[in-house]
Protein chains: 2
Amino acid sequence: MSSATKALELLTHFSLAQPEIGLSQLCRMVKRDKATTYRHLQALETVGFVEQNPMTRHYRLGPALLQLAQTREATVPRKAGAQLPLTDLANATGETAHVAVLSGTTLYTLLSCESPTYSTRAIIDVPSLPLHATATGLCALAFGPDTLFDAATRALERFTDTTPITPEALARAVACVRDTGFGHSQGCFEAEIVSFSAPIFDYTGQFAGAVAVACVGSRFTPDLELAIKTHLISTSRVISHNWGGTLPAHIEGLWSGLPSYSEVLDTTP
Amino acid sequence: MSSATKALELLTHFSLAQPEIGLSQLCRMVKRDKATTYRHLQALETVGFVEQNPMTRHYRLGPALLQLAQTREATVPRKAGAQLPLTDLANATGETAHVAVLSGTTLYTLLSCESPTYSTRAIIDVPSLPLHATATGLCALAFGPDTLFDAATRALERFTDTTPITPEALARAVACVRDTGFGHSQGCFEAEIVSFSAPIFDYTGQFAGAVAVACVGSRFTPDLELAIKTHLISTSRVISHNWGGTLPAHIEGLWSGLPSYSEVLDTTP
DNA sequence: AACAATGGTTCGTTATGTGAACCACACTTA
DNA sequence: TAAGTGTGGTTCACATAACGAACCATTGTT
């Protein structure tokens with residue numbers, strides 16, 4: 001692992017839940033030496049990726065990120081085209097919806113949107129999603145580039161006791177996604193969370209990401225599943241369109257077996 | 001310079017004008033070896049800071065930046081509190097307005113807003129601003145931490161023939177800013193650009209950044225100067241307020257000598 | 001006053017980054 | 001066809017810069 005990678009890895013530990021982190025605390029999080037972590041933070045600070053709270057001396061994300069994110073979004077608009085369809089999806093299903101984009105062999109969380117319908121909600125607060133243990137990841141394996149499967153099998157971490165941790169189990173799960181057109185994960189990443197996902201295609205005609213709904217297990221019913229899948233289809237179509245792409249005919253074909261939208265309308269809260 | 005810093009420095013070369021850059025081109029830009037640059041790009045790619053356009057194999061900024069920028073803005077809201085006052089400022093003056101934030105000893109461009117009034121406009125497209133050659137930078141030197149002056153004198157790059165390149169000339173410019181309460185640069189960074197700036201203070205009570213108006217030199221008149229300064233004052237107050245701070249009394253005092261707003265209202269287009 | 005945190009620094013060892021030279025490929029040009 | 005020029009990507013001997021145990025200075029607690 002390069003030194004630059006190690007330094008940048010530090011950034012992933014800053015989150016809404018923990019926006020400011022002290023040196024010692026960060027060392028414990030990344031299990032690295034204090035001197036090393038300090039030098040990394042210095043490097044990040046010189047380029048404006050982190051800054052120090054002058055009061056507490058704790059570190060937080062820096063202003064240079066805003067610039068770069070702005071340029072990225074202007075270059076490859078993703079957020080803008082996903083925001084509205086996603087909130088619609090969350091509201092329609094009453095559950096948490098999120099969109100992830102594939103870059104290389106990693107799925108990065110782009111947006112997450114919770115529905116205010118219930119007070120217990122699924123929270124998506126990880127910067128990237130494991131390929132083998134999430135509905136989104138399985139979707140990527142099923143419809144993304146073939147190289148993903150190798151990458152996935154190289155990191156078959158067990159999160160719960162239903163996480164597929166053998167290449168064979170993973171291949172079965174992926175085959176199922178290819179058959180149905182939906183990614184599906186039942187407590188494989190976090191127990192008590194059931195989620196479904198649909199692929200998104202961009203202007204290159206390739207798999208670009210996936211949209212998913214994560215619902216708390218205790219609320220899950222066959223009716224809800226049908227509602228989620230129906231809404232996922234239209235959301236996937238809209239976002240793909242906004243990203244300059246369309247869904248391949250074979251995927252539309254897989255989905256055509258579902259009951260029509262009107263039949264499930266009354267199952268939504 | 002650490003290896004991590006060198007890798008991260010690559011990111012600053014991506015801009016709206018040049019959102020995708022090939023390996024060879026980037027090597028020329030940073031004057032570094034191809035192998036080195038390639039490894040740096042690899043590192044950046046593994047953490048999602050850049051990605052490759054699969055068609056052209058050129059590199060562009062990656063999706064991980066969006067996540068981080070979102071967290072940064074949620075942690076320390078700056079953009080949200082500056083956006084509206086800034087567009088108001090641009091519209092009121094008919095020129096380009098921008099806001100920069102100080103992090104360590106660097107001023108990062110946060111937002112830039114052009115007015116549609118004229119078809120020739122000043123464009124602010126650099127990620128960070130030199131301390132010694134911009135109105136914003138002089139403002140930081142005048143009202144920011146004392147350590148800035150040393151940092152500035154260590155990088156007295158000459159941009160035009162009016163750029164102050166001796167510590168003495170710089171000290172005189174800063175003294176002038178301390179006397180008037182406004183940063184001022186007349187073609188010191190880019191010829192033909194005249195700009196004025198006012199400091200912004202945040203909840204810590206410290207200098208947090210500056211707001212500035214950059215106008216094309218051929219349009220500059222004493223009337224416009226007065227209009228710009230008047231609008232800068234109110235914009236600086238509003239943004240400081242939105243960032244949880246207020247302007248120190250001694251700066252308000254410096255500004256109180258200006259004619260009132262109503263007297264200059266009719267000079268705005 | 002002893003203790004346990006914190007952020008930050010030093011220095012000898014060694015892992016890691018470096019760049020000249022290289023390859024494979026694509027597109028012009030003669 | 002063959003040489004020329006550009007690209008992205010790879011190799012390997014070498015030297016630089018990253019590493020981490022041990023250290024210091026502060027702060028707040030017991």
# chains A, B, ... in the order shown; residues from 1 in each chain; ligands from 1
call {"tool": "interface_residues", "arguments": {"of": "chain D", "to": "chain A", "cutoff": "9 Å", "atoms": "only C-alpha atoms (C1' of nucleotides)", "output": "number ranges by chain"}}
result
D: 18-20
call {"tool": "select_by_dssp", "arguments": {"residues": "segment 68-195 of chain B", "states": "strand (DSSP E or B)", "output": "number ranges by chain"}}
result
B: 96-103, 106-113, 128-129, 183-186, 193-195
call {"tool": "closest_residue", "arguments": {"among": "B:Glu157, B:Thr96, B:Lys6, B:Gly209", "to": "chain C", "atoms": "only C-alpha atoms (C1' of nucleotides)"}}
result
B:Lys6
call {"tool": "select_by_dssp", "arguments": {"residues": "segment 45-145 of chain A", "states": "alpha helix (DSSP H)", "output": "VMD selection string"}}
result
chain A and resid 45 to 46 64 to 75 79 to 93 135 to 143
call {"tool": "write_last_selection", "arguments": {"atoms": "N, CA, C and O atoms", "output": "short mmCIF file (atom, residue, chain, number, x, y, z; two decimals), in the first residue's frame"}}
result
data_model
loop_
_atom_site.label_atom_id
_atom_site.label_comp_id
_atom_site.auth_asym_id
_atom_site.auth_seq_id
_atom_site.Cartn_x
_atom_site.Cartn_y
_atom_site.Cartn_z
N GLU A 45 -3.12 18.34 5.40
CA GLU A 45 -3.39 19.72 5.77
C GLU A 45 -2.77 20.70 4.76
O GLU A 45 -3.38 21.71 4.42
N THR A 46 -1.57 20.37 4.28
CA THR A 46 -0.91 21.29 3.34
C THR A 46 -1.70 21.42 2.03
O THR A 46 -1.57 22.43 1.36
N ALA A 64 -10.58 22.44 0.70
CA ALA A 64 -10.19 22.13 -0.68
C ALA A 64 -11.13 21.10 -1.30
O ALA A 64 -11.29 21.03 -2.52
N LEU A 65 -11.74 20.28 -0.44
CA LEU A 65 -12.64 19.25 -0.95
C LEU A 65 -13.82 19.84 -1.69
O LEU A 65 -14.30 19.26 -2.67
N LEU A 66 -14.30 20.98 -1.22
CA LEU A 66 -15.49 21.58 -1.83
C LEU A 66 -15.22 21.94 -3.29
O LEU A 66 -16.02 21.65 -4.18
N GLN A 67 -14.11 22.58 -3.52
CA GLN A 67 -13.67 22.91 -4.88
C GLN A 67 -13.70 21.70 -5.80
O GLN A 67 -14.30 21.70 -6.86
N LEU A 68 -13.01 20.66 -5.34
CA LEU A 68 -12.84 19.48 -6.17
C LEU A 68 -14.17 18.79 -6.43
O LEU A 68 -14.45 18.36 -7.54
N ALA A 69 -14.99 18.71 -5.40
CA ALA A 69 -16.29 18.07 -5.57
C ALA A 69 -17.12 18.84 -6.59
O ALA A 69 -17.83 18.25 -7.40
N GLN A 70 -17.01 20.16 -6.52
CA GLN A 70 -17.75 20.99 -7.46
C GLN A 70 -17.32 20.69 -8.89
O GLN A 70 -18.14 20.53 -9.79
N THR A 71 -16.00 20.61 -9.08
CA THR A 71 -15.48 20.31 -10.41
C THR A 71 -15.91 18.92 -10.87
O THR A 71 -16.31 18.73 -12.02
N ARG A 72 -15.83 17.98 -9.97
CA ARG A 72 -16.26 16.62 -10.32
C ARG A 72 -17.72 16.60 -10.79
O ARG A 72 -18.04 16.03 -11.82
N GLU A 73 -18.57 17.23 -10.01
CA GLU A 73 -19.99 17.19 -10.34
C GLU A 73 -20.26 17.94 -11.64
O GLU A 73 -21.15 17.57 -12.40
N ALA A 74 -19.50 19.00 -11.89
CA ALA A 74 -19.65 19.74 -13.14
C ALA A 74 -19.17 18.90 -14.32
O ALA A 74 -19.69 18.99 -15.42
N THR A 75 -18.14 18.07 -14.07
CA THR A 75 -17.58 17.24 -15.12
C THR A 75 -18.49 16.06 -15.44
O THR A 75 -18.81 15.79 -16.58
N LYS A 79 -24.94 13.56 -8.95
CA LYS A 79 -25.80 13.95 -7.84
C LYS A 79 -27.04 14.66 -8.32
O LYS A 79 -28.15 14.32 -7.94
N ALA A 80 -26.82 15.67 -9.16
CA ALA A 80 -27.93 16.50 -9.62
C ALA A 80 -29.01 15.65 -10.28
O ALA A 80 -30.20 15.91 -10.09
N GLY A 81 -28.61 14.62 -11.02
CA GLY A 81 -29.58 13.81 -11.74
C GLY A 81 -30.22 12.73 -10.89
O GLY A 81 -31.13 12.04 -11.34
N ALA A 82 -29.72 12.54 -9.68
CA ALA A 82 -30.23 11.45 -8.84
C ALA A 82 -31.03 11.97 -7.66
O ALA A 82 -31.86 11.24 -7.10
N GLN A 83 -30.79 13.22 -7.27
CA GLN A 83 -31.37 13.74 -6.04
C GLN A 83 -32.90 13.60 -6.00
O GLN A 83 -33.46 12.99 -5.09
N LEU A 84 -33.57 14.16 -6.98
CA LEU A 84 -35.04 14.17 -6.95
C LEU A 84 -35.65 12.78 -7.07
O LEU A 84 -36.51 12.42 -6.26
N PRO A 85 -35.24 12.00 -8.08
CA PRO A 85 -35.81 10.65 -8.17
C PRO A 85 -35.62 9.87 -6.86
O PRO A 85 -36.49 9.09 -6.47
N LEU A 86 -34.50 10.12 -6.19
CA LEU A 86 -34.20 9.37 -4.97
C LEU A 86 -35.16 9.77 -3.84
O LEU A 86 -35.66 8.89 -3.12
N THR A 87 -35.38 11.04 -3.67
CA THR A 87 -36.31 11.45 -2.60
C THR A 87 -37.71 10.95 -2.92
O THR A 87 -38.44 10.53 -2.02
N ASP A 88 -38.07 10.97 -4.19
CA ASP A 88 -39.37 10.41 -4.58
C ASP A 88 -39.45 8.95 -4.18
O ASP A 88 -40.46 8.49 -3.65
N LEU A 89 -38.37 8.23 -4.46
CA LEU A 89 -38.34 6.81 -4.14
C LEU A 89 -38.48 6.57 -2.64
O LEU A 89 -39.24 5.70 -2.20
N ALA A 90 -37.76 7.36 -1.87
CA ALA A 90 -37.82 7.22 -0.41
C ALA A 90 -39.24 7.50 0.09
O ALA A 90 -39.79 6.77 0.90
N ASN A 91 -39.81 8.56 -0.42
CA ASN A 91 -41.15 8.92 0.02
C ASN A 91 -42.19 7.88 -0.41
O ASN A 91 -43.09 7.55 0.35
N ALA A 92 -42.04 7.38 -1.64
CA ALA A 92 -43.01 6.42 -2.15
C ALA A 92 -42.98 5.11 -1.37
O ALA A 92 -44.01 4.49 -1.15
N THR A 93 -41.79 4.70 -0.94
CA THR A 93 -41.68 3.41 -0.26
C THR A 93 -41.74 3.56 1.25
O THR A 93 -41.99 2.59 1.96
N ALA A 135 -27.24 -5.37 -1.58
CA ALA A 135 -28.06 -5.48 -2.79
C ALA A 135 -27.40 -4.71 -3.92
O ALA A 135 -27.31 -5.18 -5.06
N THR A 136 -26.89 -3.52 -3.59
CA THR A 136 -26.20 -2.67 -4.57
C THR A 136 -24.99 -3.38 -5.16
O THR A 136 -24.76 -3.36 -6.36
N GLY A 137 -24.21 -4.00 -4.27
CA GLY A 137 -23.01 -4.70 -4.70
C GLY A 137 -23.33 -5.87 -5.62
O GLY A 137 -22.67 -6.06 -6.65
N LEU A 138 -24.34 -6.64 -5.26
CA LEU A 138 -24.72 -7.78 -6.10
C LEU A 138 -25.19 -7.31 -7.47
O LEU A 138 -24.92 -7.95 -8.49
N CYS A 139 -25.87 -6.19 -7.47
CA CYS A 139 -26.31 -5.58 -8.72
C CYS A 139 -25.10 -5.25 -9.59
O CYS A 139 -25.11 -5.49 -10.80
N ALA A 140 -24.08 -4.70 -8.97
CA ALA A 140 -22.86 -4.36 -9.70
C ALA A 140 -22.20 -5.62 -10.26
O ALA A 140 -21.76 -5.67 -11.41
N LEU A 141 -22.14 -6.68 -9.43
CA LEU A 141 -21.53 -7.93 -9.86
C LEU A 141 -22.32 -8.53 -11.02
O LEU A 141 -21.75 -9.11 -11.94
N ALA A 142 -23.64 -8.39 -10.95
CA ALA A 142 -24.48 -9.00 -11.97
C ALA A 142 -24.42 -8.26 -13.29
O ALA A 142 -24.40 -8.87 -14.37
N PHE A 143 -24.38 -6.94 -13.24
CA PHE A 143 -24.52 -6.16 -14.47
C PHE A 143 -23.30 -5.30 -14.79
O PHE A 143 -23.25 -4.66 -15.83
#
call {"tool": "closest_atom_pairs", "arguments": {"of": "chain A", "to": "chain C", "cutoff": "9 Å", "atoms": "only C-alpha atoms (C1' of nucleotides)", "output": "Markdown table"}}
result
| residue | atom | partner | partner_atom | distance |
| --- | --- | --- | --- | --- |
| A:Ser2 | CA | C:DT16 | C1' | 7.8 |
| A:Ser3 | CA | C:DT16 | C1' | 8.2 |
| A:Gly22 | CA | C:DG7 | C1' | 8.6 |
| A:Leu23 | CA | C:DG7 | C1' | 7.0 |
| A:Ser24 | CA | C:DT6 | C1' | 7.6 |
| A:Ala35 | CA | C:DG8 | C1' | 8.4 |
| A:Tyr38 | CA | C:DG8 | C1' | 8.3 |
| A:Arg57 | CA | C:DG7 | C1' | 7.8 |
call {"tool": "closest_residue", "arguments": {"among": "B:Pro164, B:Glu95, B:Gln206, B:Arg178", "to": "chain A", "atoms": "only C-alpha atoms"}}
result
B:Gln206
call {"tool": "residues_around", "arguments": {"residues": "Asp179 of chain A", "least_positions_apart": "5", "cutoff": "10 Å", "atoms": "only C-alpha atoms (C1' of nucleotides)", "output": "list in words"}}
result
Ala142, Ala173, Val174, Ile251, Leu254 and Trp255 of chain A
call {"tool": "atom_distance", "arguments": {"atom1": "atom CA of Leu16 of chain B", "atom2": "atom CA of Gly62 of chain B"}}
result
14.1 Å
call {"tool": "atom_distance", "arguments": {"atom1": "atom CA of Leu102 of chain B", "atom2": "atom CA of Thr235 of chain B"}}
result
17.5 Å
call {"tool": "residues_around", "arguments": {"residues": "Pro167 of chain A", "least_positions_apart": "2", "cutoff": "12 Å", "atoms": "only C-alpha atoms (C1' of nucleotides)", "output": "number ranges by chain"}}
result
A: 132, 149-157, 163-165, 169-174
call {"tool": "write_last_selection", "arguments": {"atoms": "N, CA and C atoms", "output": "short mmCIF file (atom, residue, chain, number, x, y, z; two decimals), in the first residue's frame"}}
result
data_model
loop_
_atom_site.label_atom_id
_atom_site.label_comp_id
_atom_site.auth_asym_id
_atom_site.auth_seq_id
_atom_site.Cartn_x
_atom_site.Cartn_y
_atom_site.Cartn_z
N HIS A 132 -20.01 -7.92 -2.09
CA HIS A 132 -20.61 -9.25 -1.91
C HIS A 132 -21.77 -9.27 -0.93
N PHE A 149 -16.06 -9.51 -10.19
CA PHE A 149 -16.23 -10.73 -9.40
C PHE A 149 -14.92 -11.13 -8.72
N ASP A 150 -13.83 -11.05 -9.46
CA ASP A 150 -12.52 -11.36 -8.86
C ASP A 150 -12.23 -10.43 -7.69
N ALA A 151 -12.47 -9.15 -7.92
CA ALA A 151 -12.22 -8.17 -6.86
C ALA A 151 -13.06 -8.50 -5.63
N ALA A 152 -14.29 -8.91 -5.86
CA ALA A 152 -15.19 -9.21 -4.75
C ALA A 152 -14.72 -10.43 -3.97
N THR A 153 -14.30 -11.47 -4.69
CA THR A 153 -13.89 -12.69 -4.00
C THR A 153 -12.60 -12.49 -3.21
N ARG A 154 -11.86 -11.45 -3.56
CA ARG A 154 -10.64 -11.16 -2.81
C ARG A 154 -10.91 -10.49 -1.46
N ALA A 155 -12.17 -10.11 -1.23
CA ALA A 155 -12.49 -9.43 0.04
C ALA A 155 -13.85 -9.90 0.55
N LEU A 156 -13.92 -11.21 0.81
CA LEU A 156 -15.21 -11.77 1.25
C LEU A 156 -15.36 -11.68 2.77
N GLU A 157 -15.45 -10.49 3.25
CA GLU A 157 -15.58 -10.29 4.69
C GLU A 157 -16.95 -10.74 5.18
N THR A 163 -24.06 -13.48 5.49
CA THR A 163 -23.16 -12.94 4.46
C THR A 163 -22.59 -14.08 3.62
N PRO A 164 -22.70 -14.03 2.30
CA PRO A 164 -22.06 -15.06 1.48
C PRO A 164 -20.55 -14.88 1.52
N ILE A 165 -19.84 -15.90 2.03
CA ILE A 165 -18.39 -15.74 2.16
C ILE A 165 -17.61 -16.76 1.34
N ALA A 169 -21.21 -19.39 -3.04
CA ALA A 169 -22.43 -18.76 -2.53
C ALA A 169 -22.65 -17.41 -3.21
N LEU A 170 -21.55 -16.69 -3.41
CA LEU A 170 -21.66 -15.38 -4.05
C LEU A 170 -22.14 -15.53 -5.49
N ALA A 171 -21.58 -16.52 -6.19
CA ALA A 171 -21.97 -16.73 -7.58
C ALA A 171 -23.46 -17.06 -7.67
N ARG A 172 -23.96 -17.86 -6.72
CA ARG A 172 -25.40 -18.18 -6.71
C ARG A 172 -26.23 -16.92 -6.53
N ALA A 173 -25.79 -16.06 -5.58
CA ALA A 173 -26.53 -14.82 -5.33
C ALA A 173 -26.55 -13.94 -6.58
N VAL A 174 -25.40 -13.85 -7.25
CA VAL A 174 -25.30 -13.03 -8.45
C VAL A 174 -26.19 -13.59 -9.56
#
call {"tool": "closest_residue", "arguments": {"among": "A:Thr147, A:Ser197, A:Ser112, A:Ser256", "to": "chain B", "atoms": "only C-alpha atoms"}}
result
A:Ser112
call {"tool": "atom_distance", "arguments": {"atom1": "atom CA of Ile200 of chain A", "atom2": "atom CA of Ser236 of chain A"}}
result
5.7 Å
call {"tool": "residues_around", "arguments": {"residues": "segment 120-129 of chain A", "least_positions_apart": "5", "cutoff": "10 Å", "atoms": "only C-alpha atoms (C1' of nucleotides)", "output": "MDAnalysis selection string"}}
result
(chainID A and resid 12:17 94:98 100:102 106:115 134:137 189:190 192:195 213:217 219) or (chainID B and resid 47:48 64 66:68)
call {"tool": "closest_residue", "arguments": {"among": "B:Leu61, B:Met29, B:Leu10, B:Val50", "to": "chain A", "atoms": "only C-alpha atoms"}}
result
B:Leu61
call {"tool": "closest_residue", "arguments": {"among": "B:Glu9, B:Asp202, B:Glu51, B:Glu168", "to": "Ser240 of chain B", "atoms": "only C-alpha atoms"}}
result
B:Asp202
call {"tool": "decode", "arguments": {"residues": "segment 165-176 of chain A", "atoms": "all heavy atoms", "output": "tab-separated table (two decimals), in the first residue's frame"}}
result
chain	number	residue	atom	x	y	z
A	165	ILE	N	-19.84	-15.90	2.03
A	165	ILE	CA	-18.39	-15.74	2.16
A	165	ILE	C	-17.61	-16.76	1.34
A	165	ILE	O	-16.40	-16.87	1.47
A	165	ILE	CB	-17.94	-15.81	3.64
A	165	ILE	CG1	-18.54	-17.04	4.30
A	165	ILE	CG2	-18.31	-14.56	4.39
A	165	ILE	CD1	-17.84	-17.45	5.55
A	166	THR	N	-18.30	-17.52	0.52
A	166	THR	CA	-17.57	-18.38	-0.41
A	166	THR	C	-17.89	-17.91	-1.82
A	166	THR	O	-18.98	-17.40	-2.08
A	166	THR	CB	-18.02	-19.86	-0.27
A	166	THR	OG1	-19.40	-19.97	-0.64
A	166	THR	CG2	-17.84	-20.35	1.16
A	167	PRO	N	-16.92	-18.06	-2.72
A	167	PRO	CA	-17.17	-17.67	-4.12
A	167	PRO	C	-18.42	-18.35	-4.68
A	167	PRO	O	-19.15	-17.76	-5.47
A	167	PRO	CB	-15.90	-18.13	-4.84
A	167	PRO	CG	-14.84	-18.09	-3.79
A	167	PRO	CD	-15.53	-18.48	-2.51
A	168	GLU	N	-18.66	-19.60	-4.25
A	168	GLU	CA	-19.80	-20.34	-4.78
A	168	GLU	C	-21.11	-19.69	-4.34
A	168	GLU	O	-22.02	-19.45	-5.14
A	168	GLU	CB	-19.76	-21.81	-4.30
A	168	GLU	CG	-18.59	-22.60	-4.85
A	168	GLU	CD	-17.25	-22.19	-4.23
A	168	GLU	OE1	-17.24	-21.77	-3.06
A	168	GLU	OE2	-16.23	-22.26	-4.93
A	169	ALA	N	-21.21	-19.39	-3.04
A	169	ALA	CA	-22.43	-18.76	-2.53
A	169	ALA	C	-22.65	-17.41	-3.21
A	169	ALA	O	-23.78	-17.06	-3.56
A	169	ALA	CB	-22.31	-18.57	-1.02
A	170	LEU	N	-21.55	-16.69	-3.41
A	170	LEU	CA	-21.66	-15.38	-4.05
A	170	LEU	C	-22.14	-15.53	-5.49
A	170	LEU	O	-23.03	-14.80	-5.94
A	170	LEU	CB	-20.30	-14.67	-4.01
A	170	LEU	CG	-20.27	-13.25	-4.58
A	170	LEU	CD1	-21.24	-12.35	-3.84
A	170	LEU	CD2	-18.86	-12.67	-4.49
A	171	ALA	N	-21.58	-16.52	-6.19
A	171	ALA	CA	-21.97	-16.73	-7.58
A	171	ALA	C	-23.46	-17.06	-7.67
A	171	ALA	O	-24.15	-16.61	-8.58
A	171	ALA	CB	-21.13	-17.87	-8.18
A	172	ARG	N	-23.96	-17.86	-6.72
A	172	ARG	CA	-25.40	-18.18	-6.71
A	172	ARG	C	-26.23	-16.92	-6.53
A	172	ARG	O	-27.22	-16.71	-7.22
A	172	ARG	CB	-25.71	-19.18	-5.58
A	172	ARG	CG	-25.44	-20.63	-5.93
A	172	ARG	CD	-26.12	-21.58	-4.95
A	172	ARG	NE	-25.66	-21.38	-3.56
A	172	ARG	CZ	-24.55	-21.93	-3.06
A	172	ARG	NH1	-23.79	-22.70	-3.83
A	172	ARG	NH2	-24.22	-21.71	-1.80
A	173	ALA	N	-25.79	-16.06	-5.58
A	173	ALA	CA	-26.53	-14.82	-5.33
A	173	ALA	C	-26.55	-13.94	-6.58
A	173	ALA	O	-27.59	-13.38	-6.95
A	173	ALA	CB	-25.91	-14.07	-4.16
A	174	VAL	N	-25.40	-13.85	-7.25
A	174	VAL	CA	-25.30	-13.03	-8.45
A	174	VAL	C	-26.19	-13.59	-9.56
A	174	VAL	O	-26.89	-12.85	-10.26
A	174	VAL	CB	-23.84	-12.93	-8.93
A	174	VAL	CG1	-23.77	-12.28	-10.30
A	174	VAL	CG2	-23.01	-12.16	-7.92
A	175	ALA	N	-26.18	-14.91	-9.71
A	175	ALA	CA	-27.02	-15.55	-10.73
A	175	ALA	C	-28.49	-15.21	-10.50
A	175	ALA	O	-29.24	-14.94	-11.44
A	175	ALA	CB	-26.81	-17.07	-10.70
A	176	CYS	N	-28.87	-15.20	-9.24
A	176	CYS	CA	-30.25	-14.87	-8.89
A	176	CYS	C	-30.58	-13.43	-9.31
A	176	CYS	O	-31.68	-13.15	-9.79
A	176	CYS	CB	-30.42	-15.06	-7.39
A	176	CYS	SG	-32.08	-14.69	-6.81
